[in-house]
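Content type mmCIF, C-alpha atoms, from the file upload-v4.cif:
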data_entry
loop_
_atom_site.label_atom_id
_atom_site.label_comp_id
_atom_site.auth_asym_id
_atom_site.auth_seq_id
_atom_site.Cartn_x
_atom_site.Cartn_y
_atom_site.Cartn_z
CA MET A 1 0.00 0.00 0.00
CA SER A 2 1.21 3.49 -0.82
CA MET A 3 -0.31 5.08 2.28
CA GLU A 4 1.99 6.99 4.60
CA GLU A 5 1.32 7.59 8.27
CA PHE A 6 -0.41 10.91 8.89
CA PRO A 7 0.06 12.84 12.15
CA LEU A 8 -2.87 12.41 14.51
CA SER A 9 -2.58 16.08 15.48
CA ASP A 10 -3.53 17.11 11.92
CA VAL A 11 -6.50 14.77 11.47
CA TYR A 12 -8.97 17.60 12.12
CA GLN A 13 -7.83 19.30 8.91
CA LEU A 14 -9.27 16.35 6.98
CA LEU A 15 -12.65 16.10 8.68
CA GLU A 16 -13.45 19.67 9.69
CA PRO A 17 -14.20 20.72 6.08
CA GLY A 18 -17.16 18.30 6.03
CA PRO A 19 -16.31 15.90 3.18
CA VAL A 20 -18.48 12.92 2.32
CA VAL A 21 -16.66 9.87 3.69
CA LEU A 22 -16.85 6.10 3.56
CA LEU A 23 -17.06 4.05 6.75
CA THR A 24 -15.87 0.46 6.84
CA THR A 25 -16.64 -2.13 9.50
CA ALA A 26 -15.85 -5.77 10.18
CA HIS A 27 -18.07 -8.22 11.97
CA ARG A 28 -16.27 -11.05 13.71
CA ASN A 29 -17.40 -14.62 13.22
CA ALA A 30 -17.78 -17.15 16.01
CA GLN A 31 -14.00 -17.71 16.01
CA GLY A 32 -13.35 -14.00 16.45
CA HIS A 33 -12.11 -13.54 12.88
CA ALA A 34 -13.37 -10.75 10.66
CA ASP A 35 -13.19 -12.41 7.27
CA LYS A 36 -13.81 -10.53 4.04
CA ALA A 37 -17.42 -11.65 3.82
CA ARG A 38 -18.14 -9.87 7.07
CA GLN A 39 -16.67 -6.53 6.04
CA ASN A 40 -18.92 -3.72 4.88
CA VAL A 41 -18.70 -0.13 3.67
CA MET A 42 -21.25 2.69 3.79
CA THR A 43 -21.37 6.32 2.68
CA MET A 44 -21.63 8.97 5.41
CA SER A 45 -22.00 12.75 5.55
CA TRP A 46 -23.09 13.18 9.15
CA HIS A 47 -19.85 13.50 11.11
CA MET A 48 -17.90 16.23 12.90
CA MET A 49 -14.71 16.82 14.84
CA VAL A 50 -15.06 16.75 18.65
CA GLU A 51 -11.53 17.24 19.97
CA PHE A 52 -8.07 17.94 18.49
CA THR A 53 -5.99 15.68 20.75
CA PRO A 54 -6.52 12.82 20.85
CA PRO A 55 -8.37 13.33 17.58
CA THR A 56 -11.98 12.61 18.43
CA LEU A 57 -15.02 12.75 16.21
CA ALA A 58 -18.71 12.00 16.29
CA CYS A 59 -20.83 10.41 13.59
CA ILE A 60 -24.35 9.20 12.99
CA VAL A 61 -24.80 5.60 11.85
CA SER A 62 -28.49 4.80 11.66
CA ALA A 63 -29.81 1.69 13.35
CA ALA A 64 -31.34 0.95 9.93
CA ASP A 65 -27.87 0.75 8.35
CA HIS A 66 -26.31 -2.68 7.92
CA SER A 67 -23.09 -1.24 9.43
CA PHE A 68 -24.78 -0.31 12.72
CA LEU A 69 -24.56 -3.74 14.34
CA ALA A 70 -20.96 -4.28 13.28
CA LEU A 71 -19.95 -0.86 14.58
CA ARG A 72 -21.76 -1.37 17.86
CA ALA A 73 -20.53 -4.93 18.38
CA SER A 74 -16.91 -4.47 17.25
CA GLY A 75 -16.42 -0.93 18.55
CA GLU A 76 -14.17 -0.23 15.58
CA CYS A 77 -14.31 1.25 12.10
CA VAL A 78 -12.26 2.99 9.44
CA ILE A 79 -13.24 6.34 7.97
CA ALA A 80 -11.89 6.61 4.44
CA ILE A 81 -12.02 9.95 2.61
CA PRO A 82 -12.60 9.80 -1.15
CA ALA A 83 -11.72 12.47 -3.68
CA VAL A 84 -14.19 13.57 -6.35
CA GLU A 85 -12.93 10.95 -8.83
CA LEU A 86 -14.71 8.33 -6.70
CA ALA A 87 -18.02 10.28 -6.55
CA ALA A 88 -20.03 7.84 -8.67
CA ASN A 89 -18.87 4.93 -6.49
CA VAL A 90 -19.62 6.90 -3.33
CA VAL A 91 -23.21 7.40 -4.49
CA GLY A 92 -23.53 3.77 -5.52
CA ILE A 93 -22.25 2.60 -2.14
CA GLY A 94 -24.82 4.85 -0.47
CA ASN A 95 -27.67 3.42 -2.50
CA CYS A 96 -27.30 -0.28 -1.75
CA SER A 97 -26.92 -2.44 1.34
CA GLY A 98 -24.24 -4.83 2.51
CA ARG A 99 -27.10 -7.13 3.45
CA ASP A 100 -27.50 -7.92 -0.24
CA ILE A 101 -24.08 -7.65 -1.85
CA ASP A 102 -20.34 -7.31 -1.25
CA LYS A 103 -19.92 -3.61 -1.93
CA PHE A 104 -16.12 -3.80 -2.03
CA ASP A 105 -16.36 -6.22 -4.96
CA LYS A 106 -19.17 -4.41 -6.75
CA TYR A 107 -17.36 -1.07 -6.63
CA LYS A 108 -13.87 -2.54 -7.11
CA LEU A 109 -12.51 -0.97 -3.92
CA THR A 110 -8.98 -1.96 -2.96
CA ARG A 111 -8.95 -3.16 0.62
CA ALA A 112 -5.83 -2.86 2.74
CA LYS A 113 -5.09 -4.12 6.23
CA ALA A 114 -5.39 -1.61 9.04
CA ALA A 115 -2.80 -1.46 11.81
CA LYS A 116 -5.00 -1.22 14.90
CA VAL A 117 -8.55 -2.22 13.92
CA ARG A 118 -10.12 -5.14 12.05
CA ALA A 119 -12.09 -2.98 9.61
CA PRO A 120 -10.29 -2.56 6.28
CA LEU A 121 -8.67 0.56 4.86
CA ILE A 122 -9.69 1.61 1.35
CA ALA A 123 -6.49 2.22 -0.60
CA ASP A 124 -8.34 4.16 -3.33
CA CYS A 125 -9.15 6.93 -0.83
CA PHE A 126 -6.63 9.70 -0.16
CA ALA A 127 -6.89 9.34 3.62
CA ASN A 128 -7.88 6.60 6.05
CA LEU A 129 -8.58 6.98 9.75
CA GLU A 130 -8.62 3.95 12.04
CA CYS A 131 -11.16 4.58 14.79
CA LYS A 132 -12.35 3.08 18.08
CA VAL A 133 -15.75 3.82 19.60
CA ILE A 134 -15.22 5.59 22.93
CA ASP A 135 -18.75 6.72 23.87
CA THR A 136 -22.16 5.23 23.15
CA ARG A 137 -24.40 7.21 25.52
CA LEU A 138 -26.23 8.89 22.65
CA VAL A 139 -26.54 5.82 20.44
CA ASP A 140 -29.97 4.72 21.63
CA ASP A 141 -31.54 8.16 21.25
CA PHE A 142 -29.60 9.63 18.32
CA ASN A 143 -27.50 6.87 16.68
CA LEU A 144 -24.55 9.07 17.66
CA PHE A 145 -21.17 7.40 18.14
CA VAL A 146 -18.10 9.14 19.54
CA LEU A 147 -14.88 7.82 17.98
CA GLU A 148 -11.20 8.26 18.68
CA VAL A 149 -8.80 8.16 15.74
CA VAL A 150 -5.99 5.81 16.76
CA GLN A 151 -4.06 5.72 13.49
CA ALA A 152 -4.19 7.85 10.34
CA TRP A 153 -2.91 7.30 6.81
CA ARG A 154 -2.56 9.50 3.78
CA ASP A 155 -1.79 8.66 0.15
CA PRO A 156 1.12 10.83 -1.03
CA ALA A 157 0.09 10.13 -4.64
CA GLN A 158 -3.04 12.26 -4.07
CA PRO A 159 -1.50 15.48 -2.69
CA ASP A 160 -4.32 17.85 -3.66
CA PRO A 161 -7.61 15.93 -3.50
CA LYS A 162 -10.92 17.67 -4.10
CA THR A 163 -13.58 16.40 -1.71
CA ILE A 164 -17.34 16.39 -2.21
CA HIS A 165 -20.08 17.83 0.01
CA HIS A 166 -23.59 16.42 -0.24
CA GLN A 167 -26.55 18.78 -0.59
CA GLY A 168 -29.27 16.13 -0.93
CA TYR A 169 -30.42 13.61 -3.55
CA GLY A 170 -27.08 13.19 -5.29
CA LYS A 171 -26.25 16.90 -5.60
CA PHE A 172 -22.70 17.64 -4.46
CA ALA A 173 -20.53 20.73 -4.18
CA VAL A 174 -16.96 19.90 -5.19
CA ASP A 175 -14.07 21.75 -3.54
CA GLY A 176 -13.21 24.74 -5.71
CA GLU A 177 -10.76 27.53 -5.12
CA THR A 178 -8.65 27.57 -1.94
CA ILE A 179 -8.43 30.85 -0.04
CA ILE A 180 -6.00 31.64 2.76
CA LEU A 181 -6.77 34.31 5.36
CA ALA A 182 -4.58 35.29 8.28
CA SER A 183 -5.85 33.38 11.33
CA GLN A 184 -4.54 32.27 14.71
CA MET A 185 -7.04 29.42 14.89
CA PRO A 186 -5.95 25.83 14.23
CA MET B 1 -35.66 41.59 6.83
CA SER B 2 -35.58 39.90 3.47
CA MET B 3 -35.44 36.39 4.91
CA GLU B 4 -38.13 33.91 3.87
CA GLU B 5 -39.18 30.92 5.91
CA PHE B 6 -37.32 27.78 4.87
CA PRO B 7 -38.88 24.31 5.23
CA LEU B 8 -37.58 22.46 8.28
CA SER B 9 -37.56 19.23 6.26
CA ASP B 10 -34.85 20.67 3.97
CA VAL B 11 -32.57 22.06 6.68
CA TYR B 12 -30.20 19.10 6.36
CA GLN B 13 -29.31 20.24 2.84
CA LEU B 14 -27.74 23.35 4.36
CA LEU B 15 -25.69 21.73 7.12
CA GLU B 16 -24.79 18.31 5.69
CA PRO B 17 -22.21 19.82 3.29
CA GLY B 18 -20.15 21.00 6.26
CA PRO B 19 -20.00 24.79 5.82
CA VAL B 20 -18.32 27.05 8.34
CA VAL B 21 -21.14 28.72 10.30
CA LEU B 22 -21.66 31.47 12.82
CA LEU B 23 -23.39 30.79 16.12
CA THR B 24 -25.18 33.55 18.01
CA THR B 25 -26.31 33.47 21.62
CA ALA B 26 -28.03 35.80 24.05
CA HIS B 27 -27.46 35.94 27.77
CA ARG B 28 -30.41 37.18 29.78
CA ASN B 29 -29.92 39.84 32.42
CA ALA B 30 -31.43 39.71 35.91
CA GLN B 31 -34.77 40.86 34.47
CA GLY B 32 -34.79 38.04 31.97
CA HIS B 33 -34.07 40.34 29.02
CA ALA B 34 -31.37 39.56 26.49
CA ASP B 35 -30.24 43.04 25.53
CA LYS B 36 -27.80 43.71 22.72
CA ALA B 37 -24.84 43.95 25.04
CA ARG B 38 -25.42 40.36 26.09
CA GLN B 39 -25.51 38.94 22.58
CA ASN B 40 -22.47 37.23 21.10
CA VAL B 41 -21.35 35.51 17.92
CA MET B 42 -18.68 32.89 17.29
CA THR B 43 -17.32 30.98 14.31
CA MET B 44 -17.86 27.22 14.24
CA SER B 45 -16.86 24.34 11.97
CA TRP B 46 -17.56 21.42 14.29
CA HIS B 47 -21.19 20.51 13.67
CA MET B 48 -23.17 17.76 11.97
CA MET B 49 -26.71 16.68 11.18
CA VAL B 50 -28.22 14.13 13.57
CA GLU B 51 -31.79 13.60 12.33
CA PHE B 52 -33.90 14.78 9.37
CA THR B 53 -37.22 15.32 11.19
CA PRO B 54 -37.39 17.22 13.40
CA PRO B 55 -34.13 18.65 12.08
CA THR B 56 -31.59 17.88 14.75
CA LEU B 57 -27.90 18.64 14.81
CA ALA B 58 -24.93 18.38 17.12
CA CYS B 59 -22.15 20.89 17.61
CA ILE B 60 -19.09 21.48 19.75
CA VAL B 61 -18.88 24.73 21.70
CA SER B 62 -15.79 24.69 23.88
CA ALA B 63 -16.09 25.55 27.54
CA ALA B 64 -13.30 28.03 26.79
CA ASP B 65 -15.57 29.92 24.36
CA HIS B 66 -17.39 32.98 25.66
CA SER B 67 -20.58 31.59 24.04
CA PHE B 68 -20.49 28.41 26.12
CA LEU B 69 -22.14 29.83 29.24
CA ALA B 70 -24.84 31.65 27.28
CA LEU B 71 -25.64 28.53 25.27
CA ARG B 72 -25.74 26.35 28.35
CA ALA B 73 -27.75 28.80 30.44
CA SER B 74 -30.23 29.95 27.77
CA GLY B 75 -30.55 26.63 25.94
CA GLU B 76 -30.93 28.56 22.69
CA CYS B 77 -28.87 29.79 19.76
CA VAL B 78 -29.00 30.72 16.11
CA ILE B 79 -26.80 29.10 13.49
CA ALA B 80 -26.22 31.51 10.62
CA ILE B 81 -24.58 30.30 7.41
CA PRO B 82 -22.33 32.79 5.62
CA ALA B 83 -21.35 32.74 1.96
CA VAL B 84 -17.75 33.23 0.87
CA GLU B 85 -18.17 37.02 0.58
CA LEU B 86 -18.18 37.11 4.40
CA ALA B 87 -15.03 34.96 4.75
CA ALA B 88 -12.78 37.71 6.12
CA ASN B 89 -15.40 38.59 8.75
CA VAL B 90 -15.86 34.92 9.63
CA VAL B 91 -12.13 34.61 10.32
CA GLY B 92 -12.11 37.85 12.30
CA ILE B 93 -15.03 36.69 14.43
CA GLY B 94 -13.18 33.45 15.09
CA ASN B 95 -10.04 35.26 16.24
CA CYS B 96 -11.46 37.50 18.96
CA SER B 97 -13.69 37.07 22.01
CA GLY B 98 -17.03 38.56 22.98
CA ARG B 99 -15.48 39.01 26.42
CA ASP B 100 -13.53 41.93 25.02
CA ILE B 101 -15.66 43.52 22.28
CA ASP B 102 -19.07 43.61 20.62
CA LYS B 103 -18.37 41.48 17.58
CA PHE B 104 -21.61 42.46 15.83
CA ASP B 105 -20.50 46.09 15.87
CA LYS B 106 -16.88 45.43 14.99
CA TYR B 107 -17.82 43.29 11.96
CA LYS B 108 -20.88 45.37 11.00
CA LEU B 109 -23.23 42.40 11.15
CA THR B 110 -26.93 43.19 10.68
CA ARG B 111 -28.88 41.68 13.54
CA ALA B 112 -32.52 40.68 13.08
CA LYS B 113 -35.04 39.41 15.58
CA ALA B 114 -35.62 35.68 15.66
CA ALA B 115 -39.13 34.24 15.94
CA LYS B 116 -38.65 31.56 18.60
CA VAL B 117 -35.35 32.23 20.39
CA ARG B 118 -33.72 35.26 21.98
CA ALA B 119 -30.43 34.95 20.09
CA PRO B 120 -30.31 37.20 17.02
CA LEU B 121 -30.39 36.23 13.37
CA ILE B 122 -27.64 37.60 11.12
CA ALA B 123 -29.33 39.11 8.08
CA ASP B 124 -26.07 39.16 6.10
CA CYS B 125 -26.00 35.35 6.08
CA PHE B 126 -27.94 33.42 3.43
CA ALA B 127 -29.59 31.11 5.96
CA ASN B 128 -30.42 31.27 9.66
CA LEU B 129 -31.51 28.39 11.88
CA GLU B 130 -33.17 29.05 15.24
CA CYS B 131 -32.18 26.24 17.61
CA LYS B 132 -33.01 24.90 21.05
CA VAL B 133 -30.68 22.67 23.06
CA ILE B 134 -32.35 19.28 23.54
CA ASP B 135 -29.55 17.15 25.01
CA THR B 136 -26.58 18.01 27.21
CA ARG B 137 -25.41 14.56 28.32
CA LEU B 138 -22.13 14.89 26.41
CA VAL B 139 -21.43 18.51 27.34
CA ASP B 140 -19.29 17.82 30.38
CA ASP B 141 -17.08 15.28 28.63
CA PHE B 142 -17.03 16.56 25.05
CA ASN B 143 -18.60 20.07 24.92
CA LEU B 144 -21.16 18.40 22.62
CA PHE B 145 -24.62 19.97 22.41
CA VAL B 146 -27.57 18.40 20.60
CA LEU B 147 -29.85 21.04 19.05
CA GLU B 148 -33.26 20.99 17.41
CA VAL B 149 -33.93 23.51 14.65
CA VAL B 150 -37.30 25.08 15.46
CA GLN B 151 -37.41 27.73 12.72
CA ALA B 152 -35.39 28.25 9.55
CA TRP B 153 -34.92 31.26 7.28
CA ARG B 154 -33.33 31.75 3.90
CA ASP B 155 -32.43 34.91 2.01
CA PRO B 156 -33.93 34.73 -1.51
CA ALA B 157 -31.49 37.43 -2.63
CA GLN B 158 -28.65 34.88 -2.24
CA PRO B 159 -29.97 31.96 -4.31
CA ASP B 160 -26.63 30.33 -5.10
CA PRO B 161 -24.27 30.95 -2.19
CA LYS B 162 -20.81 29.43 -2.11
CA THR B 163 -19.92 28.22 1.37
CA ILE B 164 -16.46 27.81 2.87
CA HIS B 165 -14.87 24.76 4.49
CA HIS B 166 -12.03 25.21 6.95
CA GLN B 167 -8.86 23.16 6.59
CA GLY B 168 -6.92 24.75 9.45
CA TYR B 169 -5.18 28.08 10.16
CA GLY B 170 -7.31 30.19 7.84
CA LYS B 171 -7.11 27.91 4.80
CA PHE B 172 -10.56 27.32 3.29
CA ALA B 173 -11.93 25.35 0.37
CA VAL B 174 -14.66 27.35 -1.36
CA ASP B 175 -17.55 25.50 -3.00
CA GLY B 176 -16.67 24.96 -6.65
CA GLU B 177 -18.50 23.05 -9.33
CA THR B 178 -21.80 21.33 -8.54
CA ILE B 179 -22.22 17.74 -9.72
CA ILE B 180 -25.48 15.79 -9.78
CA LEU B 181 -25.51 12.00 -9.70
CA ALA B 182 -28.60 9.78 -9.70
CA SER B 183 -29.35 8.88 -6.08
CA GLN B 184 -32.29 7.70 -4.01
CA MET B 185 -30.81 9.12 -0.85
CA PRO B 186 -32.16 12.36 0.66
#
Any chance you could give the structure as structure tokens?
Amino acid sequence: MSMEEFPLSDVYQLLEPGPVVLLTTAHRNAQGHADKARQNVMTMSWHMMVEFTPPTLACIVSAADHSFLALRASGECVIAIPAVELAANVVGIGNCSGRDIDKFDKYKLTRAKAAKVRAPLIADCFANLECKVIDTRLVDDFNLFVLEVVQAWRDPAQPDPKTIHHQGYGKFAVDGETIILASQMP
Amino acid sequence: MSMEEFPLSDVYQLLEPGPVVLLTTAHRNAQGHADKARQNVMTMSWHMMVEFTPPTLACIVSAADHSFLALRASGECVIAIPAVELAANVVGIGNCSGRDIDKFDKYKLTRAKAAKVRAPLIADCFANLECKVIDTRLVDDFNLFVLEVVQAWRDPAQPDPKTIHHQGYGKFAVDGETIILASQMP
């Protein structure tokens, strides 16, 4: 894999802009193994940063999503951030369920082994964040999981990715111009 | 004010793309009035949608922020969404504290009266969301507030706003091209 380690202290710069992301999970079988058939991937836009250090985020995974049980049971996931070139796949992944098909196969995603969680990385994405669930108090009422990023990866071959931002029913704003204003704020 | 009511069912289309927003609050005085001197505004990028209906969101307001006490005590705020034309003001607002100055005056923001909360709308922004705090269980540990949007407004004079997405230290991606892909997902 061509991914390089990415500093945990800079993870917020990837998530704070609100890109559409992919979330992978792995269910373990009775022997405790998370084989390929038990891995899944979903599309997600409802996430935010919570804390800089350790990098902490929150996300909504609906109880109706096939990934919900795996996330709740395993307490682990990977958040993979796709650039606009993957937009059609991102929409496709969001419009079908892992109950019915292997979405990695259907969308020809390249899985890679994570360092600290059983869920797979997606090598096609420009960044991958290995996460552990650290708070579930708001899961029953709001499907809200709090996650800590325990390992981050970035693909040096995609130095200037343009992310996508969902505005409903398949309409996306793509990152355009970059502006830089003097600011003290991280 | 030129703001028109905006359907609550479509509020997610404004927040899901992850724009930088402004958050206004109003502290009440001993007589229960929230006069102008007790209003404040801060810049915020850490927010996400939680539920479509009623429109529910989560956001992080640090206990170190001057707005924290007002939000916690009043249980109300307004989230105002600025277009890129306001970017310099948005950064300025994020780099000073309402402890020291009246940020509405300094940045020449046009306040307008909200319908259901005491915090002010910002008429210069293309959308304004009046919010009530509905869950504080994660405030002590994560500064995480859950809010319900009880009234939404949109400025028809800004039909195609470009929002900004913070990537750290004053670097922003501005909305660029819009792409539309066939999708069943709201």
Task: Contact residues (chain B, partner chain A, 6 Å, only C-alpha atoms) as a ChimeraX atom specification - done: /B:13,17-18,46-49,165-183,185-186
Task: Sel. within 7 Å of pt (-15.6, 4.6, 1.5), counting only C-alpha atoms, output as a list in words - done: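 Returned residue set, sorted by chain then number, is Val21, Leu22, Leu23, Thr24, Val41, Met42, Thr43, Ala80, Ile81, Pro82, Val90 and Ile122 of chain A.
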Task: Atomic distance atom CA of A:Arg28 - atom CA of A:Asp65, expressed in Å with one decimal - done: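 Taking atom CA of A:Arg28 as the start and atom CA of A:Asp65 as the end point, the length is 17.4 Å.
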TODO: To one decimal in Å, tell me the separation between atom CA of A:His27 and atom CA of A:Ala114.
DONE: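 For atom CA of A:His27 relative to atom CA of A:Ala114, the distance reads 14.6 Å.
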Open item on the list: Which residues, named as in the file, does the PyMOL selection byres ((chain A and resi 8) around 10) pick out? Answer as a ChimeraX atom specification.
Closed with: /A:5-7,9-12,52-56,129,149-153
